file my_file_10.tsv (TSV, C-alpha atoms)
chain	number	residue	atom	x	y	z
S	1	MET	CA	-78.68	16.51	-93.83
S	2	ARG	CA	-74.92	16.38	-93.32
S	3	ALA	CA	-74.59	14.05	-96.30
S	4	LEU	CA	-76.72	16.41	-98.40
S	5	LEU	CA	-74.52	19.36	-97.44
S	6	SER	CA	-71.38	17.39	-98.30
S	7	PHE	CA	-72.84	16.46	-101.68
S	8	SER	CA	-73.78	20.08	-102.36
S	9	LEU	CA	-70.30	21.27	-101.45
S	10	ILE	CA	-68.70	18.70	-103.77
S	11	TRP	CA	-71.08	19.70	-106.56
S	12	LEU	CA	-70.27	23.40	-106.10
S	13	LEU	CA	-66.53	22.75	-106.08
S	14	GLY	CA	-66.86	20.60	-109.18
S	15	SER	CA	-68.88	23.27	-110.95
S	16	PHE	CA	-66.30	25.91	-110.03
S	17	ALA	CA	-63.47	23.75	-111.37
S	18	LEU	CA	-65.42	23.19	-114.59
S	19	LEU	CA	-65.97	26.92	-115.02
S	20	GLN	CA	-62.25	27.54	-114.48
S	21	ALA	CA	-61.42	24.91	-117.08
S	22	GLN	CA	-63.84	26.49	-119.53
S	23	ASP	CA	-62.33	29.91	-118.90
S	24	ALA	CA	-58.88	28.49	-119.71
S	25	THR	CA	-60.00	26.91	-122.99
S	26	TYR	CA	-58.60	28.32	-126.20
S	27	ARG	CA	-60.05	27.76	-129.65
S	28	ALA	CA	-58.48	27.14	-133.05
S	29	GLY	CA	-58.98	30.06	-135.41
S	30	GLU	CA	-59.51	32.45	-132.52
S	31	HIS	CA	-56.49	32.03	-130.25
S	32	TYR	CA	-54.21	29.93	-132.44
S	33	ILE	CA	-54.00	28.52	-135.97
S	34	GLU	CA	-53.97	24.80	-136.67
S	35	LEU	CA	-51.50	24.20	-139.49
S	36	PRO	CA	-52.82	22.31	-142.55
S	37	ALA	CA	-49.83	19.93	-142.40
S	38	PRO	CA	-47.50	19.27	-139.45
S	39	ALA	CA	-44.02	20.80	-139.65
S	40	PRO	CA	-40.96	18.68	-138.77
S	41	THR	CA	-39.82	18.71	-135.14
S	42	GLN	CA	-36.38	17.96	-133.73
S	43	ASP	CA	-37.37	15.25	-131.25
S	44	PRO	CA	-40.56	13.31	-132.05
S	45	ASP	CA	-40.53	11.80	-128.55
S	46	LYS	CA	-41.11	15.22	-127.01
S	47	ILE	CA	-43.66	17.99	-127.43
S	48	GLU	CA	-41.86	20.81	-129.20
S	49	VAL	CA	-42.29	24.53	-128.69
S	50	ALA	CA	-40.46	26.60	-131.31
S	51	GLU	CA	-40.07	30.36	-131.29
S	52	LEU	CA	-39.79	31.91	-134.73
S	53	PHE	CA	-37.87	35.16	-134.17
S	54	TRP	CA	-35.56	37.79	-135.63
S	55	TYR	CA	-32.76	39.47	-133.70
S	56	GLY	CA	-33.72	42.80	-135.27
S	57	CYS	CA	-37.35	42.60	-134.10
S	58	GLY	CA	-38.21	44.90	-131.19
S	59	HIS	CA	-41.03	42.66	-129.99
S	60	CYS	CA	-38.72	39.63	-130.07
S	61	PHE	CA	-36.24	41.63	-127.98
S	62	GLU	CA	-38.95	42.34	-125.40
S	63	PHE	CA	-40.13	38.73	-125.49
S	64	ASP	CA	-36.63	37.27	-125.04
S	65	PRO	CA	-36.24	37.56	-121.23
S	66	ILE	CA	-39.83	36.40	-120.74
S	67	ILE	CA	-39.48	33.30	-122.84
S	68	ARG	CA	-36.00	32.52	-121.49
S	69	GLU	CA	-37.50	32.36	-118.00
S	70	TRP	CA	-40.59	30.47	-119.17
S	71	LYS	CA	-38.66	27.73	-120.94
S	72	THR	CA	-36.86	26.85	-117.69
S	73	THR	CA	-40.25	25.87	-116.24
S	74	LEU	CA	-41.11	23.37	-118.99
S	75	ALA	CA	-41.50	19.71	-118.10
S	76	ASP	CA	-39.05	17.06	-119.28
S	77	ASP	CA	-41.43	15.92	-122.03
S	78	VAL	CA	-41.24	19.35	-123.71
S	79	HIS	CA	-38.45	20.46	-126.05
S	80	PHE	CA	-37.90	24.17	-126.73
S	81	ARG	CA	-36.03	25.52	-129.75
S	82	TYR	CA	-35.35	28.83	-131.46
S	83	VAL	CA	-35.94	29.12	-135.21
S	84	PRO	CA	-34.62	32.31	-136.86
S	85	ALA	CA	-36.99	33.71	-139.47
S	86	MET	CA	-35.70	33.96	-143.04
S	87	PHE	CA	-37.47	36.83	-144.81
S	88	GLY	CA	-34.48	38.20	-146.73
S	89	GLY	CA	-31.84	40.89	-146.17
S	90	ALA	CA	-30.80	41.44	-142.55
S	91	TRP	CA	-33.17	38.65	-141.46
S	92	ASN	CA	-31.08	36.10	-143.33
S	93	THR	CA	-27.79	37.63	-142.16
S	94	HIS	CA	-28.87	37.42	-138.53
S	95	ALA	CA	-30.18	33.89	-139.03
S	96	GLN	CA	-26.72	32.92	-140.24
S	97	LEU	CA	-25.26	34.61	-137.15
S	98	PHE	CA	-27.60	32.57	-134.94
S	99	PHE	CA	-26.59	29.26	-136.50
S	100	THR	CA	-22.92	30.24	-136.39
S	101	VAL	CA	-22.89	30.89	-132.64
S	102	GLU	CA	-24.97	27.74	-132.16
S	103	ALA	CA	-22.37	25.73	-134.10
S	104	LEU	CA	-19.64	27.24	-131.90
S	105	GLY	CA	-21.49	26.22	-128.74
S	106	LYS	CA	-21.94	29.84	-127.67
S	107	LEU	CA	-25.68	30.32	-128.12
S	108	ASP	CA	-26.57	30.32	-124.41
S	109	ASP	CA	-23.83	32.87	-123.70
S	110	THR	CA	-24.54	35.23	-126.58
S	111	HIS	CA	-28.23	35.04	-127.54
S	112	SER	CA	-29.22	38.00	-125.34
S	113	VAL	CA	-25.90	39.74	-126.08
S	114	ILE	CA	-26.82	39.87	-129.77
S	115	PHE	CA	-30.28	41.24	-128.97
S	116	ASN	CA	-28.76	43.93	-126.72
S	117	ALA	CA	-26.19	44.94	-129.33
S	118	LEU	CA	-28.94	45.60	-131.87
S	119	HIS	CA	-31.51	47.26	-129.62
S	120	ARG	CA	-29.48	48.98	-126.90
S	121	GLU	CA	-26.15	49.72	-128.57
S	122	ASN	CA	-27.41	50.51	-132.09
S	123	ASN	CA	-24.97	47.95	-133.50
S	124	ARG	CA	-26.53	46.70	-136.73
S	125	LEU	CA	-24.23	43.65	-136.94
S	126	ALA	CA	-24.30	44.02	-140.70
S	127	ASP	CA	-21.03	42.22	-141.47
S	128	GLU	CA	-18.65	39.59	-140.16
S	129	ASP	CA	-16.22	42.13	-138.68
S	130	ALA	CA	-18.94	43.62	-136.46
S	131	MET	CA	-20.08	40.18	-135.38
S	132	ILE	CA	-16.55	39.00	-134.58
S	133	ALA	CA	-15.86	42.15	-132.53
S	134	LEU	CA	-19.02	41.52	-130.52
S	135	LEU	CA	-18.23	37.85	-129.88
S	136	GLU	CA	-14.49	38.06	-129.13
S	137	PRO	CA	-15.07	38.58	-125.37
S	138	TYR	CA	-16.87	35.22	-125.38
S	139	ASP	CA	-13.81	33.29	-126.60
S	140	VAL	CA	-14.84	33.30	-130.24
S	141	SER	CA	-11.83	33.87	-132.50
S	142	ALA	CA	-12.07	35.45	-135.94
S	143	GLU	CA	-10.79	32.22	-137.48
S	144	ASP	CA	-13.31	30.00	-135.69
S	145	PHE	CA	-16.15	32.39	-136.50
S	146	SER	CA	-15.31	32.58	-140.21
S	147	ARG	CA	-14.94	28.80	-140.44
S	148	ALA	CA	-18.34	28.19	-138.83
S	149	TRP	CA	-20.00	31.07	-140.75
S	150	SER	CA	-19.22	29.50	-144.12
S	151	SER	CA	-19.53	25.87	-143.03
S	152	PHE	CA	-21.75	23.29	-144.70
S	153	GLY	CA	-23.51	22.68	-141.37
S	154	VAL	CA	-24.60	26.31	-141.03
S	155	ARG	CA	-25.71	26.44	-144.66
S	156	SER	CA	-27.80	23.32	-144.12
S	157	LYS	CA	-29.42	24.84	-141.03
S	158	LEU	CA	-30.30	27.96	-143.04
S	159	ASP	CA	-32.01	25.81	-145.67
S	160	GLN	CA	-33.92	23.97	-142.94
S	161	ALA	CA	-35.03	27.26	-141.34
S	162	THR	CA	-36.34	28.47	-144.70
S	163	ARG	CA	-38.39	25.31	-145.13
S	164	LEU	CA	-39.67	25.50	-141.55
S	165	ALA	CA	-40.86	29.09	-141.93
S	166	ARG	CA	-42.80	28.02	-145.02
S	167	ALA	CA	-44.30	25.07	-143.15
S	168	TYR	CA	-45.26	27.36	-140.26
S	169	ARG	CA	-46.99	29.74	-142.73
S	170	ALA	CA	-45.87	32.59	-140.52
S	171	THR	CA	-45.85	36.19	-141.72
S	172	GLY	CA	-44.37	37.84	-138.64
S	173	VAL	CA	-42.45	37.41	-135.41
S	174	PRO	CA	-42.39	36.51	-132.60
S	175	THR	CA	-44.47	33.44	-133.31
S	176	LEU	CA	-44.73	30.23	-131.30
S	177	ILE	CA	-45.24	26.83	-132.93
S	178	VAL	CA	-46.40	23.97	-130.72
S	179	ASP	CA	-45.42	20.46	-131.80
S	180	GLY	CA	-45.26	21.53	-135.43
S	181	LYS	CA	-49.06	21.69	-135.50
S	182	TYR	CA	-50.24	24.98	-134.02
S	183	ARG	CA	-49.17	28.61	-134.63
S	184	ILE	CA	-49.63	31.24	-131.92
S	185	GLU	CA	-49.37	34.92	-132.82
S	186	GLY	CA	-49.33	37.78	-130.34
S	187	ALA	CA	-51.89	39.78	-132.33
S	188	MET	CA	-54.42	36.96	-131.93
S	189	VAL	CA	-54.19	36.69	-128.15
S	190	GLY	CA	-53.18	40.16	-127.03
S	191	GLY	CA	-49.63	39.83	-125.73
S	192	PHE	CA	-46.70	37.75	-124.58
S	193	ASP	CA	-48.26	36.33	-121.41
S	194	GLU	CA	-51.29	35.10	-123.30
S	195	MET	CA	-49.10	33.54	-125.98
S	196	LEU	CA	-47.45	31.44	-123.29
S	197	LYS	CA	-50.80	30.51	-121.74
S	198	VAL	CA	-52.05	29.29	-125.11
S	199	ALA	CA	-48.80	27.37	-125.58
S	200	GLU	CA	-49.28	25.70	-122.19
S	201	PHE	CA	-52.85	24.82	-123.11
S	202	LEU	CA	-51.70	23.21	-126.37
S	203	ILE	CA	-48.83	21.40	-124.66
S	204	GLU	CA	-51.29	19.81	-122.26
S	205	GLN	CA	-53.64	18.99	-125.13
S	206	GLU	CA	-50.81	17.20	-126.96
S	207	ARG	CA	-49.72	15.47	-123.76
S	208	GLN	CA	-53.21	14.04	-123.24
S	209	ALA	CA	-53.48	13.01	-126.89
S	210	ARG	CA	-50.20	11.11	-126.68
S	211	ALA	CA	-51.22	9.44	-123.43
S	212	SER	CA	-54.43	8.16	-125.01
S	213	ASN	CA	-52.63	6.57	-127.99
call {"tool": "encode", "arguments": {"input": "my_file_10.tsv", "output": "structure tokens"}}
result
Amino acid sequence: MRALLSFSLIWLLGSFALLQAQDATYRAGEHYIELPAPAPTQDPDKIEVAELFWYGCGHCFEFDPIIREWKTTLADDVHFRYVPAMFGGAWNTHAQLFFTVEALGKLDDTHSVIFNALHRENNRLADEDAMIALLEPYDVSAEDFSRAWSSFGVRSKLDQATRLARAYRATGVPTLIVDGKYRIEGAMVGGFDEMLKVAEFLIEQERQARASN
């Protein structure tokens, strides 16, 4: 009898775990989009999560502190990157700003500062003078900024971002891309927290696929 009770308890626990796993399952076409062709990633040895964003996007501004905290929890086999969206006009200007501060080694210090300037201070950052004034307190000189802004490296990154956005087939932001293969949109899953849950699900799916190869 005791053995039967132990078996029943194990079976119930197993069934409960299976139900939890089923509840946490996400499906292509419903919760995320599987891209027709993989997009390039920065480090093929790691599972990449890319956020396609625009500094001028209100939803990206709201998402920023959430994703900044979330990316600190990622395992060592996961690589996170930002990819500025290139849809013309101010989008392209702010993408160039992103790659300029990245080239200057100031991205960690100024990423949220740029968001705040646009959304809390009504600073449109429409030209180099406005950008330089914003970044001067972070030890960015006008000369260094202008040199990086017009550099070949930044221009190359802009071209790469344009190609990536096409490969992602994204039409809006914020959007998450997992390992260059899967696109997650907030409208599909209902919000930021669910986007991250789907990303975690896909990270684990890719991790298991790599382990089996």
call {"tool": "closest_residue", "arguments": {"input": "my_file_10.tsv", "among": "S:Phe80, S:Tyr55, S:Phe98, S:Phe87", "to": "Val178 of chain S", "atoms": "all atoms listed in the file"}}
result
S:Phe80
call {"tool": "closest_residue", "arguments": {"input": "my_file_10.tsv", "among": "S:Glu128, S:Ile177, S:Gly58, S:Pro44", "to": "Glu143 of chain S", "atoms": "all atoms listed in the file"}}
result
S:Glu128
call {"tool": "closest_residue", "arguments": {"input": "my_file_10.tsv", "among": "S:Asp144, S:Asp64, S:Asp193, S:Glu185", "to": "Leu104 of chain S", "atoms": "all atoms listed in the file"}}
result
S:Asp144
call {"tool": "closest_residue", "arguments": {"input": "my_file_10.tsv", "among": "S:Phe145, S:Tyr138, S:Phe53, S:Phe61", "to": "Leu97 of chain S", "atoms": "all atoms listed in the file"}}
result
S:Phe145
call {"tool": "atom_distance", "arguments": {"input": "my_file_10.tsv", "atom1": "atom CA of Gly186 of chain S", "atom2": "atom CA of Lys106 of chain S"}}
result
28.6 Å
call {"tool": "atom_distance", "arguments": {"input": "my_file_10.tsv", "atom1": "atom CA of Leu135 of chain S", "atom2": "atom CA of Thr110 of chain S"}}
result
7.6 Å
call {"tool": "closest_residue", "arguments": {"input": "my_file_10.tsv", "among": "S:Ala170, S:Val78, S:Ala211, S:Ala133", "to": "Asp43 of chain S", "atoms": "all atoms listed in the file"}}
result
S:Val78
call {"tool": "residues_around", "arguments": {"input": "my_file_10.tsv", "residues": "segment 116-120 of chain S", "least_positions_apart": "3", "cutoff": "9 Å", "atoms": "all atoms listed in the file", "output": "list in words"}}
result
Tyr55, Gly56, Cys57, Gly58, Phe61, His111, Ser112, Val113, Asn123, Arg124, Leu125 and Leu134 of chain S
call {"tool": "residues_around", "arguments": {"input": "my_file_10.tsv", "residues": "Leu158 of chain S", "least_positions_apart": "2", "cutoff": "8 Å", "atoms": "all atoms listed in the file", "output": "PyMOL selection string"}}
result
chain S and resi 95-96+99+154-156+160-162
call {"tool": "residues_around", "arguments": {"input": "my_file_10.tsv", "residues": "Glu62 of chain S", "least_positions_apart": "3", "cutoff": "10 Å", "atoms": "all atoms listed in the file", "output": "list in words"}}
result
Cys57, Gly58, His59, Pro65, Ile66, Ile67, Phe115, His119, Pro174 and Phe192 of chain S
call {"tool": "decode", "arguments": {"input": "my_file_10.tsv", "residues": "segment 66-189 of chain S", "atoms": "C-alpha atoms", "output": "PDB file, in the first residue's frame"}}
result
ATOM      1  CA  ILE S  66      12.742  46.329 -17.903  1.00  0.00           C
ATOM      2  CA  ILE S  67      15.043  44.873 -20.511  1.00  0.00           C
ATOM      3  CA  ARG S  68      18.153  46.427 -18.931  1.00  0.00           C
ATOM      4  CA  GLU S  69      17.361  44.531 -15.742  1.00  0.00           C
ATOM      5  CA  TRP S  70      16.397  41.348 -17.598  1.00  0.00           C
ATOM      6  CA  LYS S  71      19.598  41.157 -19.625  1.00  0.00           C
ATOM      7  CA  THR S  72      21.658  41.075 -16.413  1.00  0.00           C
ATOM      8  CA  THR S  73      19.978  37.749 -15.590  1.00  0.00           C
ATOM      9  CA  LEU S  74      20.958  36.023 -18.848  1.00  0.00           C
ATOM     10  CA  ALA S  75      23.264  33.023 -18.721  1.00  0.00           C
ATOM     11  CA  ASP S  76      26.803  33.123 -20.089  1.00  0.00           C
ATOM     12  CA  ASP S  77      25.746  31.303 -23.264  1.00  0.00           C
ATOM     13  CA  VAL S  78      23.416  34.180 -24.225  1.00  0.00           C
ATOM     14  CA  HIS S  79      24.528  37.375 -25.973  1.00  0.00           C
ATOM     15  CA  PHE S  80      22.321  40.474 -25.859  1.00  0.00           C
ATOM     16  CA  ARG S  81      22.568  43.349 -28.327  1.00  0.00           C
ATOM     17  CA  TYR S  82      20.676  46.492 -29.285  1.00  0.00           C
ATOM     18  CA  VAL S  83      19.860  47.104 -32.951  1.00  0.00           C
ATOM     19  CA  PRO S  84      18.511  50.581 -33.791  1.00  0.00           C
ATOM     20  CA  ALA S  85      15.709  50.500 -36.349  1.00  0.00           C
ATOM     21  CA  MET S  86      16.286  52.335 -39.631  1.00  0.00           C
ATOM     22  CA  PHE S  87      12.923  53.498 -41.006  1.00  0.00           C
ATOM     23  CA  GLY S  88      14.027  56.923 -42.272  1.00  0.00           C
ATOM     24  CA  GLY S  89      14.084  60.473 -40.906  1.00  0.00           C
ATOM     25  CA  ALA S  90      14.635  60.783 -37.154  1.00  0.00           C
ATOM     26  CA  TRP S  91      14.921  56.983 -36.896  1.00  0.00           C
ATOM     27  CA  ASN S  92      18.100  57.057 -38.966  1.00  0.00           C
ATOM     28  CA  THR S  93      19.459  60.119 -37.145  1.00  0.00           C
ATOM     29  CA  HIS S  94      19.016  58.441 -33.773  1.00  0.00           C
ATOM     30  CA  ALA S  95      20.497  55.198 -35.092  1.00  0.00           C
ATOM     31  CA  GLN S  96      23.593  57.163 -36.050  1.00  0.00           C
ATOM     32  CA  LEU S  97      23.632  58.661 -32.545  1.00  0.00           C
ATOM     33  CA  PHE S  98      23.469  55.158 -31.061  1.00  0.00           C
ATOM     34  CA  PHE S  99      26.421  53.893 -33.096  1.00  0.00           C
ATOM     35  CA  THR S 100      28.379  57.074 -32.373  1.00  0.00           C
ATOM     36  CA  VAL S 101      28.137  56.721 -28.588  1.00  0.00           C
ATOM     37  CA  GLU S 102      28.850  53.006 -28.963  1.00  0.00           C
ATOM     38  CA  ALA S 103      32.019  53.820 -30.940  1.00  0.00           C
ATOM     39  CA  LEU S 104      33.037  56.257 -28.191  1.00  0.00           C
ATOM     40  CA  GLY S 105      32.583  53.587 -25.516  1.00  0.00           C
ATOM     41  CA  LYS S 106      29.803  55.561 -23.836  1.00  0.00           C
ATOM     42  CA  LEU S 107      26.759  53.425 -24.614  1.00  0.00           C
ATOM     43  CA  ASP S 108      26.303  52.009 -21.105  1.00  0.00           C
ATOM     44  CA  ASP S 109      26.540  55.504 -19.607  1.00  0.00           C
ATOM     45  CA  THR S 110      24.249  57.280 -22.042  1.00  0.00           C
ATOM     46  CA  HIS S 111      21.676  54.825 -23.441  1.00  0.00           C
ATOM     47  CA  SER S 112      19.029  55.725 -20.854  1.00  0.00           C
ATOM     48  CA  VAL S 113      20.160  59.371 -20.856  1.00  0.00           C
ATOM     49  CA  ILE S 114      19.224  59.633 -24.533  1.00  0.00           C
ATOM     50  CA  PHE S 115      15.827  58.037 -23.888  1.00  0.00           C
ATOM     51  CA  ASN S 116      15.175  60.453 -21.009  1.00  0.00           C
ATOM     52  CA  ALA S 117      16.184  63.485 -23.063  1.00  0.00           C
ATOM     53  CA  LEU S 118      13.622  62.620 -25.728  1.00  0.00           C
ATOM     54  CA  HIS S 119      10.744  61.515 -23.519  1.00  0.00           C
ATOM     55  CA  ARG S 120      11.141  63.506 -20.305  1.00  0.00           C
ATOM     56  CA  GLU S 121      12.939  66.670 -21.403  1.00  0.00           C
ATOM     57  CA  ASN S 122      11.304  67.123 -24.826  1.00  0.00           C
ATOM     58  CA  ASN S 123      14.758  67.325 -26.402  1.00  0.00           C
ATOM     59  CA  ARG S 124      14.343  66.096 -29.977  1.00  0.00           C
ATOM     60  CA  LEU S 125      18.102  65.600 -30.494  1.00  0.00           C
ATOM     61  CA  ALA S 126      17.603  66.628 -34.092  1.00  0.00           C
ATOM     62  CA  ASP S 127      21.162  67.786 -34.814  1.00  0.00           C
ATOM     63  CA  GLU S 128      24.769  67.308 -33.760  1.00  0.00           C
ATOM     64  CA  ASP S 129      24.823  70.416 -31.545  1.00  0.00           C
ATOM     65  CA  ALA S 130      21.947  69.108 -29.416  1.00  0.00           C
ATOM     66  CA  MET S 131      23.574  65.696 -29.153  1.00  0.00           C
ATOM     67  CA  ILE S 132      26.961  67.122 -28.186  1.00  0.00           C
ATOM     68  CA  ALA S 133      25.378  69.333 -25.512  1.00  0.00           C
ATOM     69  CA  LEU S 134      23.645  66.290 -24.041  1.00  0.00           C
ATOM     70  CA  LEU S 135      26.794  64.150 -24.027  1.00  0.00           C
ATOM     71  CA  GLU S 136      29.368  66.694 -22.822  1.00  0.00           C
ATOM     72  CA  PRO S 137      28.788  65.840 -19.120  1.00  0.00           C
ATOM     73  CA  TYR S 138      29.825  62.272 -19.987  1.00  0.00           C
ATOM     74  CA  ASP S 139      33.298  63.303 -21.183  1.00  0.00           C
ATOM     75  CA  VAL S 140      32.366  63.398 -24.855  1.00  0.00           C
ATOM     76  CA  SER S 141      34.023  66.349 -26.596  1.00  0.00           C
ATOM     77  CA  ALA S 142      32.579  68.024 -29.673  1.00  0.00           C
ATOM     78  CA  GLU S 143      35.664  67.001 -31.642  1.00  0.00           C
ATOM     79  CA  ASP S 144      35.479  63.342 -30.618  1.00  0.00           C
ATOM     80  CA  PHE S 145      31.744  63.227 -31.282  1.00  0.00           C
ATOM     81  CA  SER S 146      32.029  64.741 -34.758  1.00  0.00           C
ATOM     82  CA  ARG S 147      34.899  62.427 -35.668  1.00  0.00           C
ATOM     83  CA  ALA S 148      32.960  59.320 -34.610  1.00  0.00           C
ATOM     84  CA  TRP S 149      29.679  60.598 -36.121  1.00  0.00           C
ATOM     85  CA  SER S 150      31.163  60.777 -39.612  1.00  0.00           C
ATOM     86  CA  SER S 151      33.511  57.803 -39.284  1.00  0.00           C
ATOM     87  CA  PHE S 152      33.620  54.860 -41.660  1.00  0.00           C
ATOM     88  CA  GLY S 153      32.949  52.497 -38.741  1.00  0.00           C
ATOM     89  CA  VAL S 154      29.668  54.196 -37.840  1.00  0.00           C
ATOM     90  CA  ARG S 155      28.594  54.327 -41.486  1.00  0.00           C
ATOM     91  CA  SER S 156      29.285  50.601 -41.794  1.00  0.00           C
ATOM     92  CA  LYS S 157      27.218  49.875 -38.680  1.00  0.00           C
ATOM     93  CA  LEU S 158      24.326  51.873 -40.148  1.00  0.00           C
ATOM     94  CA  ASP S 159      24.457  49.780 -43.318  1.00  0.00           C
ATOM     95  CA  GLN S 160      24.497  46.596 -41.234  1.00  0.00           C
ATOM     96  CA  ALA S 161      21.499  47.767 -39.179  1.00  0.00           C
ATOM     97  CA  THR S 162      19.545  48.448 -42.367  1.00  0.00           C
ATOM     98  CA  ARG S 163      20.248  44.936 -43.631  1.00  0.00           C
ATOM     99  CA  LEU S 164      19.377  43.412 -40.254  1.00  0.00           C
ATOM    100  CA  ALA S 165      16.006  45.170 -40.080  1.00  0.00           C
ATOM    101  CA  ARG S 166      15.205  43.773 -43.524  1.00  0.00           C
ATOM    102  CA  ALA S 167      16.263  40.286 -42.435  1.00  0.00           C
ATOM    103  CA  TYR S 168      14.140  40.587 -39.291  1.00  0.00           C
ATOM    104  CA  ARG S 169      11.117  41.594 -41.444  1.00  0.00           C
ATOM    105  CA  ALA S 170      10.057  43.860 -38.614  1.00  0.00           C
ATOM    106  CA  THR S 171       7.507  46.632 -39.092  1.00  0.00           C
ATOM    107  CA  GLY S 172       7.578  48.119 -35.602  1.00  0.00           C
ATOM    108  CA  VAL S 173       9.422  48.438 -32.318  1.00  0.00           C
ATOM    109  CA  PRO S 174      10.238  47.237 -29.747  1.00  0.00           C
ATOM    110  CA  THR S 175      10.829  43.836 -31.265  1.00  0.00           C
ATOM    111  CA  LEU S 176      12.975  40.985 -29.953  1.00  0.00           C
ATOM    112  CA  ILE S 177      14.886  38.639 -32.246  1.00  0.00           C
ATOM    113  CA  VAL S 178      16.151  35.369 -30.775  1.00  0.00           C
ATOM    114  CA  ASP S 179      19.238  33.840 -32.383  1.00  0.00           C
ATOM    115  CA  GLY S 180      18.428  35.488 -35.698  1.00  0.00           C
ATOM    116  CA  LYS S 181      15.582  33.006 -36.176  1.00  0.00           C
ATOM    117  CA  TYR S 182      12.525  34.165 -34.241  1.00  0.00           C
ATOM    118  CA  ARG S 183      10.746  37.544 -34.019  1.00  0.00           C
ATOM    119  CA  ILE S 184       8.725  38.463 -30.933  1.00  0.00           C
ATOM    120  CA  GLU S 185       6.308  41.393 -31.069  1.00  0.00           C
ATOM    121  CA  GLY S 186       4.482  42.866 -28.106  1.00  0.00           C
ATOM    122  CA  ALA S 187       1.158  42.932 -29.962  1.00  0.00           C
ATOM    123  CA  MET S 188       1.317  39.152 -30.407  1.00  0.00           C
ATOM    124  CA  VAL S 189       1.857  38.299 -26.740  1.00  0.00           C
TER     125      VAL S 189
END
